[in-house]
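Below is one structure; the comments refer to it alone.
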Amino acid sequence: MTKSRRATTLSRLLLAAATGACLTTACGVLPGSSGDSGGTLTVMTFAPMGTKATNMPGMPGMAKAYERWINANGGIKGRKLRVLTCNEKNTATGAADCAREAITKKAVAVVGSYSQHGRAFMAPLEAEGIPFIGGYGVSAEEFQSTLSYPVNGGQPALLAGAGHQLGKACAQVSLVRPDTLAGDTMPVLLNAGLKANNSPEASDIRAAEDAADLMPQAREALAGAGPGGSGGSGGSSGAGGTGTKDTGAGTATPAAKGDGTSKATASPGPSGSAAASSSPSAPSSATAAKGSSSSKSCVTAVLGARTETFFDAFRRADTTHRNPQISSVLGSVSQALVDRTGGKESPFEGAYVTSWYPVSTDPLWAPMRKVISDEAFGDNTVEADDSGAQTTWIAYTVLNQVVQKFKDGEDVTARKVARMLNETSGISTGNLTPQLSWRYQDMRAVAGFPRLVNGRVSFQVVQQGRLVAQLGEQDVDMTAVLESAPRSA
């Protein structure tokens with residue numbers, strides 16, 4: 001009995017010693033430790049897939065293509081990249097589940113993801129110190145959390161940019177948007193851009209996010225676009241208001257009016273050189289002297305995947321061929337959508353589109369296109385024209401650059417990645433965006449969106465079935481407009 005007890009005690013002592021040795025070396029991963037185990041960097045990309053509302057399968061698809069490409073080329077600073085993907089399902093529960101999976105599997109970052117449910121996923125990530133790099137920008141938390149590192153201006157910049165674009169061409173605007181918390185910010189942001197051009201506020205027309213029938217909203221938008229329609233935001237449905245009345249239906253013209261930009265300041269343009277970037281904080285000369293286009297009525301829809309459904313209903317409702325100018329933003333309208341709906345004969349022909357990035361045919365996208373061609377040739381969800389895939393590519397470019405700044409052999413943890421992001425300035429994305437920095441001094445006074453460090457937008461138009469740069473329109477930094485806008489979140 002005594003010998004047995006001594007043997008048991010000795011075994012326990014040896015086990016404890018071995019366990020202690022493992023904890024100080026590389027035998028295992030401690031709870032809460034990094035995903036940089038055994039020379040592998042673990043990250044996650046999540047997005048909604050297969051839902052009845054907005055779907056972004058190209059984001060996880062692009063992430064997996066990047067994983068295959070970077071690992072075939074030696075990894076990131078000698079480390080193998082492991083990309084986890086998760087279906088966010090367009091629900092708060094799904095977003096929280098994805099965040100918890102990232103925590104459980106020791107991800108050092110969540111990269112290039114999409115979710116409207118910022119509160120659901122940011123809180124768990126913040127608790128574990130996991131940075132959120134390059135989200136799509138549809139939730140307010142992406143521009144508020146100190147652990148979020150947005151690569152574009154998100155929905156705020158797009159909506160303000162759309163207002164700037166339409167304010168130069170339209171006497172009145174109707175906005176059709178989802179009846180959600182994220183959708184509630186849209187009128188405020190669009191109106192900020194309209195105000196910069198001394199244009200009246202837009203009519204606010206709401207639609208259920210998963211609505212299959214959008215004919216009521218189409219009729220309401222068309223009524224507002226007809227003679228005597230109201231341009232104000234009068235009531236909750238947007239039917240009322242006291243805005244400027246339309247004096248003529250007008251027709252959509254794909255060419256832009258490029259003769260009225262305000263004094264320009266240098267900023268990195270889509271081609272990598274310093275392109276003039278208009279400052280829309282004050283009305284431009286074009287606004288002060290609008291031509292015949294000022295009689296136009298404009299309808300903009302920002303409904304994600306439902307945008308196609310709305311404009312199909314809108315086309316059918318327009319039996320008198322009033323043909324108001326239509327518009328949308330990147331993500332709700334894409335080249336793939338134009339192709340699918342008829343190309344040159346698409347109902348989107350002539351539509352204005354506001355984007356964060358250069359047009360997809362720009363040579364700056366060549367590296368991404370090659371990765372898609374080489375590593376995602378069998379994945380139909382990954383398209384070079386897809387804004388989700390583009391955002392994911394940029395987000396992984398940021399991750400790569402940040403990890404390159406670690407010392408050889410240095411352990412890469414989530415908190416260290418966040419610290420490196422907080423301290424690094426001038427991260428290059430190959431001129432697809434301005435150089436990015438998220439230091440304290442880079443934060444801007446945008447109410448509700450202090451983490452918005454890149455407010456640049458570009459203006460495009462659907463011409464001959466292709467999304468092309470709007471003639472005469474330069475990229476514009478909408479930050480000043482957003483700084484002057486009321487708090488919307």
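Lettering and numbering for the structure tokens are positional, with chains as A, B, ... in the shown order, residues counted from 1 in each chain, and ligands counted from 1 in the shown order.
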
Quick one: contact table of range 59-169 of chain A to range 433-448 of chain A, 9 Å max, nearest atom pair and distance in Å to one decimal per residue, counting only C-alpha atoms, chain and number order, as a Markdown table?
```
| residue | atom | partner | partner_atom | distance |
| --- | --- | --- | --- | --- |
| A:Ala140 | CA | A:Gly448 | CA | 7.1 |
| A:Glu141 | CA | A:Gly448 | CA | 8.8 |
| A:Phe143 | CA | A:Gly448 | CA | 7.4 |
| A:Gln144 | CA | A:Gly448 | CA | 6.9 |
| A:Tyr149 | CA | A:Trp438 | CA | 6.8 |
| A:Pro150 | CA | A:Trp438 | CA | 8.7 |
| A:Val151 | CA | A:Leu436 | CA | 7.2 |
| A:Asn152 | CA | A:Thr433 | CA | 7.6 |
```

Could those residues be written to a file, using N, CA and C atoms, as a compact mmCIF listing (two decimals), in the first residue's frame?
```txt
# COMPACT_ATOMS: atom_id res chain seq x y z
N ALA A 140 -23.10 50.71 -37.20
CA ALA A 140 -22.48 51.87 -36.56
C ALA A 140 -21.29 51.47 -35.70
N GLU A 141 -21.37 50.29 -35.08
CA GLU A 141 -20.29 49.86 -34.19
C GLU A 141 -18.95 49.74 -34.90
N PHE A 143 -17.70 51.82 -36.73
CA PHE A 143 -17.07 53.14 -36.72
C PHE A 143 -17.03 53.74 -35.32
N GLN A 144 -17.27 52.90 -34.31
CA GLN A 144 -17.27 53.37 -32.93
C GLN A 144 -16.33 52.58 -32.04
N TYR A 149 -11.33 48.52 -37.32
CA TYR A 149 -10.40 49.21 -38.22
C TYR A 149 -10.98 49.22 -39.64
N PRO A 150 -11.93 50.13 -39.90
CA PRO A 150 -12.59 50.17 -41.21
C PRO A 150 -11.65 50.64 -42.31
N VAL A 151 -11.78 50.03 -43.49
CA VAL A 151 -10.92 50.40 -44.63
C VAL A 151 -11.62 51.34 -45.59
N ASN A 152 -12.94 51.49 -45.43
CA ASN A 152 -13.68 52.42 -46.28
C ASN A 152 -14.61 53.25 -45.41
```

Which polymer residues have any atom within 6 Å of an atom of range 47-49 of chain A, counting only C-alpha atoms, with same-chain residues fewer than 5 positions away left out, as JSON, numbers by chain? {"A": [55, 56, 57, 87, 88, 89, 90, 113, 114]}

May I have the selected residues written with N, CA, C and O atoms, as a PDB file, in the first residue's frame?
```pdb
ATOM      1  N   ASN A  55     -27.049  38.858 -49.064  1.00  0.00           N
ATOM      2  CA  ASN A  55     -26.075  37.775 -48.953  1.00  0.00           C
ATOM      3  C   ASN A  55     -24.728  38.248 -49.502  1.00  0.00           C
ATOM      4  O   ASN A  55     -24.688  38.977 -50.488  1.00  0.00           O
ATOM      5  N   MET A  56     -23.658  37.851 -48.848  1.00  0.00           N
ATOM      6  CA  MET A  56     -22.315  38.249 -49.253  1.00  0.00           C
ATOM      7  C   MET A  56     -21.373  37.049 -49.307  1.00  0.00           C
ATOM      8  O   MET A  56     -20.329  37.038 -48.635  1.00  0.00           O
ATOM      9  N   PRO A  57     -21.693  36.019 -50.076  1.00  0.00           N
ATOM     10  CA  PRO A  57     -20.836  34.834 -50.113  1.00  0.00           C
ATOM     11  C   PRO A  57     -19.472  35.108 -50.713  1.00  0.00           C
ATOM     12  O   PRO A  57     -18.520  34.344 -50.476  1.00  0.00           O
ATOM     13  N   ASN A  87     -21.150  31.554 -41.453  1.00  0.00           N
ATOM     14  CA  ASN A  87     -22.382  32.116 -41.994  1.00  0.00           C
ATOM     15  C   ASN A  87     -23.059  32.949 -40.911  1.00  0.00           C
ATOM     16  O   ASN A  87     -23.554  32.425 -39.915  1.00  0.00           O
ATOM     17  N   GLU A  88     -23.091  34.241 -41.118  1.00  0.00           N
ATOM     18  CA  GLU A  88     -23.669  35.169 -40.139  1.00  0.00           C
ATOM     19  C   GLU A  88     -25.189  35.141 -40.156  1.00  0.00           C
ATOM     20  O   GLU A  88     -25.844  35.575 -39.191  1.00  0.00           O
ATOM     21  N   LYS A  89     -25.803  34.673 -41.235  1.00  0.00           N
ATOM     22  CA  LYS A  89     -27.234  34.402 -41.378  1.00  0.00           C
ATOM     23  C   LYS A  89     -28.124  35.645 -41.322  1.00  0.00           C
ATOM     24  O   LYS A  89     -29.346  35.528 -41.229  1.00  0.00           O
ATOM     25  N   ASN A  90     -27.528  36.824 -41.330  1.00  0.00           N
ATOM     26  CA  ASN A  90     -28.308  38.064 -41.257  1.00  0.00           C
ATOM     27  C   ASN A  90     -29.117  38.173 -39.970  1.00  0.00           C
ATOM     28  O   ASN A  90     -30.193  38.780 -39.943  1.00  0.00           O
ATOM     29  N   SER A 113     -15.337  41.220 -43.115  1.00  0.00           N
ATOM     30  CA  SER A 113     -16.613  40.560 -42.838  1.00  0.00           C
ATOM     31  C   SER A 113     -17.791  41.514 -42.998  1.00  0.00           C
ATOM     32  O   SER A 113     -17.618  42.731 -43.075  1.00  0.00           O
ATOM     33  N   TYR A 114     -18.994  40.936 -43.027  1.00  0.00           N
ATOM     34  CA  TYR A 114     -20.229  41.715 -43.227  1.00  0.00           C
ATOM     35  C   TYR A 114     -21.246  41.340 -42.168  1.00  0.00           C
ATOM     36  O   TYR A 114     -21.536  40.157 -41.955  1.00  0.00           O
TER      37      TYR A 114
END
```

Applying 9 Å and only C-alpha atoms, which residues near Arg466 in chain A remain after dropping the ones on its own chain fewer than 6 positions away? List them as a PDB file with C-alpha atoms, in the first residue's frame.
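part_5.pdb written:
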```pdb
ATOM      1  CA  GLN A 335     -21.596  44.868 -62.472  1.00  0.00           C
ATOM      2  CA  VAL A 338     -26.232  44.742 -64.485  1.00  0.00           C
ATOM      3  CA  ASP A 339     -25.014  41.734 -66.485  1.00  0.00           C
ATOM      4  CA  GLY A 343     -26.409  44.365 -69.805  1.00  0.00           C
ATOM      5  CA  LYS A 344     -27.076  47.208 -72.252  1.00  0.00           C
ATOM      6  CA  GLU A 349     -28.736  51.530 -67.782  1.00  0.00           C
TER       7      GLU A 349
END
```

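Reported to one decimal place, the separation of CA of Gly455 in chain A from CA of Gly350 in chain A is 25.0 Å.
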
Could you jot down the CA of Gly183 in chain A to CA of Thr309 in chain A separation for me, Å, one decimal place?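 Distance reported for this atom pair: 17.2 Å.
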
DSSP on the backbone: which residues in range 13-208 of chain A end up as helix (DSSP H, G or I)? Give the answer as a PyMOL selection string. chain A and resi 13-24+58-72+92-104+118-128+140-143+154-167+181-184+186-195

Counting only C-alpha atoms, the residue among A:Leu222, A:Ala182, A:Leu175, A:Leu189 that lies closest to Arg315 in chain A is A:Leu222
